[in-house]
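Remarks on the structure that follows.
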Protein chains: 2
Amino acid sequence: MELSNKQITVIFKALCDENRVQIFRLLQGGERCACHLLEEMNLSQPTLSHHMKILCDSGLVVGRKEGKWMHYSVSEQGVQLALECLRELTAVSESGNDCCCGE
Amino acid sequence: MELSNKQITVIFKALCDENRVQIFRLLQGGERCACHLLEEMNLSQPTLSHHMKILCDSGLVVGRKEGKWMHYSVSEQGVQLALECLRELTAVSESGNDCCCGE
DNA sequence: ACCTCATATTGATGATTTTCTATATTATAG
DNA sequence: CTATAATATAGAAAATCATCAATATGAGGT
């Protein structure tokens, strides 16, 4: 795996905004087009577009263009990477725990 | 579980900053005191303190006070909650996928 | 009680992020 | 080819965040 700190922040930035979390909830029902998301969310069209870009950049969401429409869905691969990333980053090696002060 | 969108953003905000990601890497070796983290990170003491607060608020890290020193470690419980949260939020129900446009 | 050391809080500043309006791009329909 | 509809981009304003210097708190040691 070995993602950089920077790459990790890009992944989890997807989940740092309430509107984006809400978009995930909408995508739980399956693929949704931008116009559908726009109806459900209380956002302007450019703002939604901005959030969808961040979500796609994170890899957790993928977009599919079909004619004029953009269809978005949760990326299973992206989710697996994020889960693995979170697990790796928080896995503690129970070895020599020598810190500087007090014991 | 049923965390609010707001609560979810608080959890994942922990991982939205490169310095905080680096702090996780330092905590992978086990519990560390603030002074140790301060030596390793290129940050002022107040800035580190600020990041540790965000990490503790997220639940992914816990602090333990011992005399003058603060010892920080990864919270296994917090990690499990975050993992479950991420899984839940990105779990897609493969049912009626009726979106508005195109098919 | 005072001094010192480790950490937290305050307050200010610059950087980043969210949001909007206006405009550009791209695709289909006529 | 022009008109329309869906989405993206540019640019600006407001909000949030990261950062530091200065100061406060709190815990031992003398």
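Residues in the structure tokens are numbered from 1 in each chain, the chains being A, B, ... in the order shown, and ligands are numbered from 1 in the order shown.
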request  = With a distance cut-off of 12 Å and only C-alpha atoms (C1' of nucleotides), select the neighbouring residues of range 15-24 of chain D, excluding the residue or stretch itself and same-chain residues fewer than 6 positions from it, and output the selection as an MDAnalysis selection string.
outcome  = (chainID A and resid 17) or (chainID B and resid 13 16:20 42:51 54) or (chainID C and resid 7:19)
Those same residues, written as a compact mmCIF listing (two decimals), in the first residue's frame with C-alpha atoms (C1' of nucleotides)?
```
# COMPACT_ATOMS: atom_id res chain seq x y z
CA ASP A 17 -17.90 17.74 5.36
CA LYS B 13 -11.30 15.21 10.52
CA CYS B 16 -7.57 15.27 7.11
CA ASP B 17 -4.29 16.88 8.03
CA GLU B 18 -0.83 15.62 7.13
CA ASN B 19 0.61 16.40 10.53
CA ARG B 20 -2.12 14.43 12.26
CA ASN B 42 8.14 20.05 13.32
CA LEU B 43 5.51 22.04 15.18
CA SER B 44 5.28 24.52 18.03
CA GLN B 45 4.00 23.20 21.33
CA PRO B 46 0.62 24.99 21.10
CA THR B 47 0.08 23.66 17.58
CA LEU B 48 0.77 20.11 18.69
CA SER B 49 -1.61 20.58 21.61
CA HIS B 50 -4.26 21.79 19.17
CA HIS B 51 -3.83 18.72 16.97
CA ILE B 54 -8.71 17.26 17.52
C1' DT C 7 0.78 21.17 28.67
C1' DA C 8 -3.42 24.05 27.60
C1' DT C 9 -5.65 28.29 26.25
C1' DT C 10 -5.99 32.93 24.05
C1' DG C 11 -5.70 35.90 20.38
C1' DA C 12 -3.98 37.16 15.96
C1' DT C 13 -2.67 36.02 11.16
C1' DG C 14 -2.38 33.65 6.92
C1' DA C 15 -3.97 29.62 4.33
C1' DT C 16 -7.53 26.66 2.92
C1' DT C 17 -12.34 25.51 2.21
C1' DT C 18 -17.16 26.28 1.22
C1' DT C 19 -20.29 28.76 -1.11
```
task = Compile the contact shell of Ser73 in chain B as an MDAnalysis selection string: residues with an atom at most 12 Å away, counting only C-alpha atoms (C1' of nucleotides), same-chain residues fewer than 5 positions apart removed.
result = (chainID A and resid 90:94 97 99) or (chainID B and resid 23:34 37 52 55:56 59:65 78:79)
Hey, could you make a per-residue contact list for chain C against chain A with 8 Å as the cut-off, showing the nearest pair of atoms and its distance in Å to one decimal, counting only C-alpha atoms (C1' of nucleotides), sorted by chain and number, as JSON lines?
```
{"residue": "C:DT19", "atom": "C1'", "partner": "A:Thr47", "partner_atom": "CA", "distance": 6.5}
{"residue": "C:DC20", "atom": "C1'", "partner": "A:Ser44", "partner_atom": "CA", "distance": 7.7}
{"residue": "C:DT26", "atom": "C1'", "partner": "A:Lys68", "partner_atom": "CA", "distance": 7.5}
{"residue": "C:DA27", "atom": "C1'", "partner": "A:Lys68", "partner_atom": "CA", "distance": 5.3}
{"residue": "C:DT28", "atom": "C1'", "partner": "A:Lys68", "partner_atom": "CA", "distance": 7.6}
```
Filtering to C-alpha atoms (C1' of nucleotides), could you give me those residues as an mmCIF file, in the first residue's frame?
```
data_model
loop_
_atom_site.group_PDB
_atom_site.id
_atom_site.type_symbol
_atom_site.label_atom_id
_atom_site.label_comp_id
_atom_site.auth_asym_id
_atom_site.auth_seq_id
_atom_site.Cartn_x
_atom_site.Cartn_y
_atom_site.Cartn_z
ATOM 1 C "C1'" DT C 19 -20.286 28.755 -1.107
ATOM 2 C "C1'" DC C 20 -22.342 31.658 -4.403
ATOM 3 C "C1'" DT C 26 -20.180 19.575 -23.720
ATOM 4 C "C1'" DA C 27 -23.946 16.842 -25.584
ATOM 5 C "C1'" DT C 28 -28.425 16.197 -27.609
#
```
ask   = Suppose you want the space between CA of Leu3 in chain A and CA of Gln22 in chain A; what is it in Å?
value = 26.5 Å
task = Based on DSSP run over this structure's backbone, return all residues of chain B in alpha helix (DSSP H), as a VMD selection string.
result = chain B and resid 5 to 13 18 to 27 34 to 40 45 to 58 76 to 90
request  = Using DSSP on the backbone coordinates, identify all residues within range 20-98 of chain B classified as strand (DSSP E or B); present the result as a list in words.
outcome  =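 Of range 20-98 of chain B, the ones in strand (DSSP E or B) are Arg32, Cys33, Val61, Val62, Gly63, Arg64, Lys65, Glu66, Trp69, Met70, His71, Tyr72, Ser73 and Val74 of chain B.
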Near chain A, 9 Å: chain D residue rows, closest pairs, only C-alpha atoms (C1' of nucleotides), as a tab-separated table:
```
residue	atom	partner	partner_atom	distance
D:DA5	C1'	A:Lys68	CA	8.0
D:DA6	C1'	A:Lys68	CA	5.4
D:DT7	C1'	A:Ser49	CA	7.5
D:DA8	C1'	A:Ser49	CA	7.2
D:DT9	C1'	A:Pro46	CA	8.8
```
task = Tell me, in Å to one decimal, how far CA of Asn5 in chain B is from CA of Lys6 in chain A.
result =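 Taking CA of Asn5 in chain B and CA of Lys6 in chain A, their separation equals 23.9 Å.
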Top pick for closest residue to chain A, considering B:Ser58, B:Gln80, B:Val21, B:Cys85 and counting only C-alpha atoms = B:Val21
ask   = If you measure from CA of Glu84 in chain B to CA of Leu38 in chain A, what distance in Å do you get, rounded to one decimal?
value =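 Separation between CA of Glu84 in chain B and CA of Leu38 in chain A: 27.6 Å.
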